[in-house]
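Enquirer: Have a look at this one before I ask anything.
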Amino acid sequence: MSGQSRTVAVLGPTNTGKTHYAIERMLGYRTGIIGLPLRLLAREVYERIVAVRGPSVVALVTGEERIVPPRAQYWVCTVEAMPEGMGTDFVAVDEIQLCADPERGHVFTDRLLRMRGTLETQFLGSHTMRGVIAELVPGVEFLSRSRMSQLAYTGPRKVSRLPARSAIVGFSVENVYAIAELIRRQKGGAAVVMGALSPRTRNAQVELYQNGDVDYLVATDAIGMGLNLDIDHVAFSALSKFDGRRMRALFPHELGQIAGRAGRGMRDGSFGVTGEAPDLEPDLAEAITDHRFAPVRRLEWRNARLAFGSAQALIGSLEARPEHTLLARGREADDLAALRALAEVPEVRARATDAPAVRLLWDVCRIPDFRGISGTEHASLLERIFCDLHELGRVPDDWLAAQIRRIDRTDGDIDTLSKRLAHIRTWTYVAQRKGWVDDETHWRAATRAVEDRLSDALHGALTQRFVDRRTSVLMRRLKQKEAMVAEVNDQGAVSVEGEFVGRLEGFRFIRDKAAAGQEARTLQQASLAALAPHFHLKADQFYNAPDTMIDFTEQGGLMWGNEAVGKLASGSDPLKPQAVAFVDDEAGPDVATKVQRRLQHFIDRKVATLFEPLLAMSRDEALTGLARGFGFRLVEAMGVLPRGDVADEVKALDQEARGALRKHGVRFGQFTVFLPALLKPAPTRLRLVLWSLGNGLETFPEAPPPGLVTVPADTGAPQGYFAMAGYRAAGERAIRIDMLERLADMLRSADTRGGFEATADMLSITGMTLEQFAGLMQGLGYRAERGEREKVKPVDKAVAEAPADAATAAEEAPADPAADAVEQIADEGEAPVAAEPPQPEPEVTADIAETPEEEIVPGETPEVVEPEIEVCYTFTWAPRGRKAGADGRTRPRQGQGKPGKPRGKGGPKGKPRDERAKSFSAKPEKKDRIDPDNPFAAALMGLKDKS
């Protein structure tokens, strides 16, 4: 070592530029080596130096990576991988305060005591090391550097209230993942940085944060070791951690090291706590902001003068105690634990009998336990590697290939990929060891390729789970106040900056329902800002659209094609509804006004077209007096008035007034006064909507299906519904009012007092069965008497027209059993079969023999067939106890029979008239009284005159 060598301790808090200063000093020499605490940081420094001097003169050596060009001048290494005895001009060791770390401290202490550059040596770290360095390193110079920015404590904050560009620190993988998941939901996403990540994954995650794709970083305490990030605020989610053996509180200097990552260059930073972490004590917070920490009293140490005579001798030398009082023997490290375990294995003990074998064993034991499964499994793997190296001089290619092939898969979740990445790091480490494999170049490239694939897959899995790229992109664009471009496809799907954000339904934006919280608010804000041009363009298209593309729904909605664009609201007049447009406020008042005006034009024209006869009548100046008043009643009722509601007005109209109204299509029916043109499906559908609006209904009843003469009479329908639908409820069915008037015309000629039966025409126009018709008639105020009688079979026309002598001859002819059988089969519904001509001995045809009828024996009396019975009804007028509702709904009086229940045997011909009259008399109490509710008063008055 040259007598001119200079040793400098560059001490100060974070963000003082210590590492940058060391790199500049090293590049001022011909050769140099720098040791860094993390593989991640080593890669970062390597890339910085390569950018300045080129890759041909820069080497990178870590436990799992080795890039050594032939003319390497500058070596960037992890502290554990720093090569000894190279004699470079410059040596630097970063984060020298890790000499006090229980796990790795002995390595840093060894570099402090033994690693020197021929011209300059630098130790970079905290002021807490000043005393021990001065005591242990003779002639050391101290160079203090001050922090370039201020650090402030802001206290506790919820995760949702953390400012942008914050780093949240956790001390376990589970804690880091939980925080990242929470931030994804509330803030759009976070990058994840942990020491266990490969450099490739870590760099990709850091890039997410550095380029602004996400504004939050969730990390372990690895960020405290010199990673240079643009962090404005550091939040601790916990104040304790598991150090490998026990849970312990973080030391103040550890908190200060991590908190100091807030602020970059001249930009000030802040730190605080979040989650379940308690508030910091004022003294502790002040110590961190002022960078005042207790000095390091002792350094972790392990003997560097190792004895390789035997495994036990090596263990003894590793357990030697230090001679200086500032040094303390470190706790048993993983490599020493592995050595102890392998020394007890008989095969290993048999092989490790000389110095080269023991040295090889020690090199194998120093393979880090990347997998972290268990000490026993790690020792078993090391045993196999040592035995192969000792026996074969290398790790077998086929076994190594099988181990790598088993790991080389990129499917699975984050935990699975992380485990595979930890496994490949073992084989990457093995491949980097000189002389351990046959083709070092091949295996280093192979393990590196697998690690890269797994790293990329892990980065993708982390991003997919913890980053909502859509929200992060939109938040960044909103923050930068840049104009965003929205795209809307034919199905209404909206994409902003290539990210799906929701759907445009009419003139309202419906955001993606999968979003919630801050994500939802961001989507809404960004989408509406980007959709502004689309709203105006779409409003112009809608305003010029024809009426055929617009329609109303039975619930009062207004549709443009398949898009809801508004709804109807009641106006000052039933025939003047108001259109309410569905337009987002952010679309602007111009768009809302244009859409509302177009909808109002549509509904005004629709009313004018469908109710044209009604509106023409209201404008007819020729209508005067009672006719004009009655016309207004019809207009208010939208063309349908139950006659019972206006009986007095109708009676007051003279023939001239009625004639004037009939010119406008008004029909004065027995049950309803109406305009037949307004009973068509389109006016009926609109009338029901307008009526529902006027009555303030929450749910609008729908119009009956077009073409049906009768529909079920729903008892839960609102009062007045059936009249507006163009029907009259009667019993369990409701009949269309125009068909009811036709039925009334047929009933005028029927004997409503003495009783009549339904004709085929009556059943035909109602489209009902006899049972249904009976229920309808009861609902109209008639008594329906059910009876049974023998069904009269239709007479064959040919037989009826046959000559009398032919009929007589047929009667006198002997009975033909075969013919009787054929007739019986026909009656039972089978196809008739022709009988064979009579034979000397009676036989049946083969067709008849196949029927299930019993064989007919000559001379026996054939079985008598029971006559077929049919149901019939007799209808008589029975108005007593019947009251009509406002919409013409009528109900049978109490105690009146219902269709389908027999009233006794016999029909109109099977029961004496006197007995039927006694049971169901429809006769008035006095001859001079006529029921005024009878809709056929004229016919009844005629019957009275005849009597």
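Ordering of the structure tokens sets the chain letters (A, B, ...); residue numbers start at 1 within each chain; ligands are numbered from 1 in the order shown.
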From a backbone DSSP assignment, name each residue in range 550-767 of chain A labelled alpha helix (DSSP H), as a ChimeraX atom specification.

Expert: /A:589-610,612-619,625-636,647-652,655-662,681-694,721-724,737-747,760-766

Enquirer: With only C-alpha atoms as the counted atoms, please give the residues lying no more than 6 Å from range 21-37 of chain A, apart from itself and same-chain residues fewer than 2 positions off, as a list in words.

Expert: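 Residues near the query, excluding close chain neighbours: Lys18, Thr19, Ala42, Gln73, Tyr74, Trp75, Val76, Cys77, Thr78, Val79, Thr88, Asp89, Phe90, Val91, Ala92, Val93 and Asp94 of chain A.
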
Enquirer: Considering only strand (DSSP E or B) as DSSP defines it on the backbone, what residues of range 635-735 of chain A qualify? List them as a list in words.

Expert: Val640, Leu641, Pro642, Arg667, Phe668, Thr672, Val673, Phe674, Thr710, Val711, Pro712, Tyr727, Arg728, Ala729, Ala730, Arg733, Ala734 and Ile735 of chain A

Enquirer: Which residues are close to range 749-751 of chain A, i.e. within 9 Å by only C-alpha atoms, leaving aside same-chain residues fewer than 4 positions away? Reply as a list in words.

Expert: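 Within the cut-off, the hits are Asp745, Gly755, Phe756, Glu757, Phe875, Thr876 and Ala939 of chain A.
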
Enquirer: Give me a file of those residues, with C-alpha atoms, as a JSON list (two decimals), in the first residue's frame.

Expert:
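And here is the file that came out, out_3.json:
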```
[["chain", "number", "residue", "atom", "x", "y", "z"],
["A", 745, "ASP", "CA", -126.83, -4.00, -31.10],
["A", 755, "GLY", "CA", -134.37, -15.13, -21.22],
["A", 756, "PHE", "CA", -132.23, -15.83, -24.27],
["A", 757, "GLU", "CA", -129.20, -17.85, -25.24],
["A", 875, "PHE", "CA", -129.42, -14.81, -19.84],
["A", 876, "THR", "CA", -131.96, -12.43, -18.32],
["A", 939, "ALA", "CA", -136.86, -2.40, -26.04]]
```

Enquirer: Quick one: contact table of range 529-647 of chain A to range 500-507 of chain A, 9 Å max, nearest atom pair and distance in Å to one decimal per residue, counting only C-alpha atoms, chain and number order, as JSON lines?

Expert:
```
{"residue": "A:Phe535", "atom": "CA", "partner": "A:Phe507", "partner_atom": "CA", "distance": 6.6}
{"residue": "A:Lys538", "atom": "CA", "partner": "A:Phe507", "partner_atom": "CA", "distance": 8.0}
{"residue": "A:Ala539", "atom": "CA", "partner": "A:Phe507", "partner_atom": "CA", "distance": 8.0}
{"residue": "A:Met559", "atom": "CA", "partner": "A:Gly506", "partner_atom": "CA", "distance": 8.6}
{"residue": "A:Trp560", "atom": "CA", "partner": "A:Gly506", "partner_atom": "CA", "distance": 7.5}
{"residue": "A:Asn562", "atom": "CA", "partner": "A:Gly506", "partner_atom": "CA", "distance": 8.7}
{"residue": "A:Glu563", "atom": "CA", "partner": "A:Gly506", "partner_atom": "CA", "distance": 5.1}
{"residue": "A:Ala564", "atom": "CA", "partner": "A:Gly506", "partner_atom": "CA", "distance": 5.8}
{"residue": "A:Val565", "atom": "CA", "partner": "A:Gly506", "partner_atom": "CA", "distance": 5.2}
{"residue": "A:Gly566", "atom": "CA", "partner": "A:Gly506", "partner_atom": "CA", "distance": 8.8}
{"residue": "A:Ala581", "atom": "CA", "partner": "A:Phe507", "partner_atom": "CA", "distance": 8.7}
{"residue": "A:Phe582", "atom": "CA", "partner": "A:Phe507", "partner_atom": "CA", "distance": 6.4}
{"residue": "A:Val583", "atom": "CA", "partner": "A:Phe507", "partner_atom": "CA", "distance": 4.8}
{"residue": "A:Asp584", "atom": "CA", "partner": "A:Phe507", "partner_atom": "CA", "distance": 6.4}
{"residue": "A:Ala587", "atom": "CA", "partner": "A:Phe507", "partner_atom": "CA", "distance": 7.8}
{"residue": "A:Val591", "atom": "CA", "partner": "A:Phe507", "partner_atom": "CA", "distance": 8.7}
{"residue": "A:Ala592", "atom": "CA", "partner": "A:Phe507", "partner_atom": "CA", "distance": 8.6}
{"residue": "A:Val595", "atom": "CA", "partner": "A:Phe507", "partner_atom": "CA", "distance": 8.7}
```

Enquirer: Separation of CA of Tyr782 in chain A and CA of Ala878 in chain A, in Å?

Expert: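 Pair CA of Tyr782 in chain A / CA of Ala878 in chain A returns 5.0 Å.
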
Enquirer: CA of Phe251 in chain A and CA of Ala190 in chain A are how many Å apart?

Expert: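 That distance, rounded to one decimal, is 27.0 Å.
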
Enquirer: For Ala337 in chain A, work out the shell of residues within 12 Å, counting only C-alpha atoms and skipping chain neighbours fewer than 4 positions away, then give it as a list of chain:residue names.

Expert: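 Neighbouring residues, sequence-local ones excluded: A:Ile315, A:Leu318, A:Glu319, A:Arg331, A:Glu332, A:Ala333, A:Ala341, A:Leu342, A:Ala343, A:Glu344, A:Trp362, A:Cys365, A:Arg366, A:Ile367, A:Pro368, A:Asp369, A:Ser374, A:Gly375, A:Thr376, A:His378, A:Ala379, A:Leu382.
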
Enquirer: Name all residues at most 9 Å from His291 in chain A (count only C-alpha atoms; drop same-chain ones fewer than 3 positions away) and give them as a PyMOL selection string.

Expert: chain A and resi 12-13+127+253+256+260+286-288

Enquirer: Closest to Glu254 in chain A among A:Phe552, A:Ala350, A:Asn175, A:Thr128, using only C-alpha atoms?

Expert: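 The answer is A:Thr128, which sits nearest to Glu254 in chain A.
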
Enquirer: If you count only C-alpha atoms, which residues fall within 9 Å of Pro681 in chain A, apart from same-chain ones fewer than 6 positions away, as a ChimeraX atom specification?

Expert: /A:703-707

Enquirer: Skipping near chain neighbours, those fewer than 2 positions away, what residues fall within 9 Å of Asp215 in chain A using only C-alpha atoms, listed as number ranges by chain?

Expert: A: 163-167, 187-191, 208-210, 212-213, 217, 472, 476

Enquirer: May I have the residues from that selection written out with C-alpha atoms, as a PDB file, in the first residue's frame?

Expert:
```
ATOM      1  CA  PRO A 163     -50.013  13.851  -1.095  1.00  0.00           C
ATOM      2  CA  ALA A 164     -48.854  12.866  -4.545  1.00  0.00           C
ATOM      3  CA  ARG A 165     -45.234  11.709  -4.914  1.00  0.00           C
ATOM      4  CA  SER A 166     -45.347   9.873  -1.601  1.00  0.00           C
ATOM      5  CA  ALA A 167     -43.532   6.721  -0.567  1.00  0.00           C
ATOM      6  CA  LYS A 187     -55.500   6.678  -5.851  1.00  0.00           C
ATOM      7  CA  GLY A 188     -55.279   4.710  -9.078  1.00  0.00           C
ATOM      8  CA  GLY A 189     -52.228   2.622  -8.302  1.00  0.00           C
ATOM      9  CA  ALA A 190     -48.753   2.378  -6.790  1.00  0.00           C
ATOM     10  CA  ALA A 191     -45.336   1.052  -7.744  1.00  0.00           C
ATOM     11  CA  LEU A 208     -43.770   3.567 -13.332  1.00  0.00           C
ATOM     12  CA  TYR A 209     -43.279   5.978 -10.470  1.00  0.00           C
ATOM     13  CA  GLN A 210     -40.605   8.183 -11.992  1.00  0.00           C
ATOM     14  CA  GLY A 212     -45.670   9.733 -13.440  1.00  0.00           C
ATOM     15  CA  ASP A 213     -47.812   6.739 -14.371  1.00  0.00           C
ATOM     16  CA  LEU A 217     -44.561   4.178  -4.158  1.00  0.00           C
ATOM     17  CA  SER A 472     -53.311   6.791 -13.396  1.00  0.00           C
ATOM     18  CA  ARG A 476     -51.770  12.537 -14.938  1.00  0.00           C
TER      19      ARG A 476
END
```

Enquirer: Could you make a table, as a Markdown table, of the residues of range 112-179 of chain A that have an atom within 12 Å of an atom of range 228-235 of chain A, each with its nearest atom pair and distance in Å to one decimal, counting only C-alpha atoms, in chain and number order?

Expert:
```
| residue | atom | partner | partner_atom | distance |
| --- | --- | --- | --- | --- |
| A:Ser149 | CA | A:Asp232 | CA | 11.1 |
| A:Gln150 | CA | A:Asp232 | CA | 11.1 |
| A:Leu151 | CA | A:His233 | CA | 9.4 |
| A:Ala152 | CA | A:His233 | CA | 9.3 |
| A:Tyr153 | CA | A:His233 | CA | 9.5 |
| A:Thr154 | CA | A:His233 | CA | 9.3 |
| A:Gly155 | CA | A:Ala235 | CA | 9.1 |
| A:Pro156 | CA | A:Ala235 | CA | 8.3 |
| A:Arg157 | CA | A:Ala235 | CA | 8.4 |
| A:Lys158 | CA | A:Ala235 | CA | 9.8 |
| A:Val159 | CA | A:Ala235 | CA | 8.9 |
| A:Arg161 | CA | A:Ala235 | CA | 11.2 |
| A:Leu162 | CA | A:Ala235 | CA | 8.2 |
| A:Pro163 | CA | A:His233 | CA | 7.4 |
| A:Ala164 | CA | A:Asp232 | CA | 7.9 |
| A:Arg165 | CA | A:Ile231 | CA | 5.4 |
| A:Ser166 | CA | A:His233 | CA | 4.6 |
| A:Ala167 | CA | A:Val234 | CA | 4.9 |
| A:Ile168 | CA | A:Ala235 | CA | 4.8 |
| A:Val169 | CA | A:Ala235 | CA | 6.2 |
| A:Gly170 | CA | A:Ala235 | CA | 9.1 |
| A:Ile179 | CA | A:Ala235 | CA | 11.4 |
```

Enquirer: Pick the closest to Pro701 in chain A from A:Thr447, A:Thr715, A:Gln555, A:Gln655: which is it, counting only C-alpha atoms?

Expert: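 Checking each candidate against Pro701 in chain A, we get A:Gln555 as the closest.
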
Enquirer: I'd like the interatomic distance between CA of Phe236 in chain A and CA of Phe271 in chain A, to a tenth of an Å.

Expert: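 Calculated distance between CA of Phe236 in chain A and CA of Phe271 in chain A is 7.9 Å.
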
Enquirer: Ranking A:Val107, A:Leu770, A:Leu653, A:Ala637 by minimum distance to Gly330 in chain A and counting only C-alpha atoms, which one comes first?

Expert: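 Ranking A:Val107, A:Leu770, A:Leu653, A:Ala637 by distance to Gly330 in chain A, first place goes to A:Val107.
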
Enquirer: Which one is closest to Asp439 in chain A: A:Ile424, A:Val395, A:Leu417, A:Leu743? Count only C-alpha atoms.

Expert: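 Once distances to Asp439 in chain A are computed over only C-alpha atoms, the minimum belongs to A:Val395.
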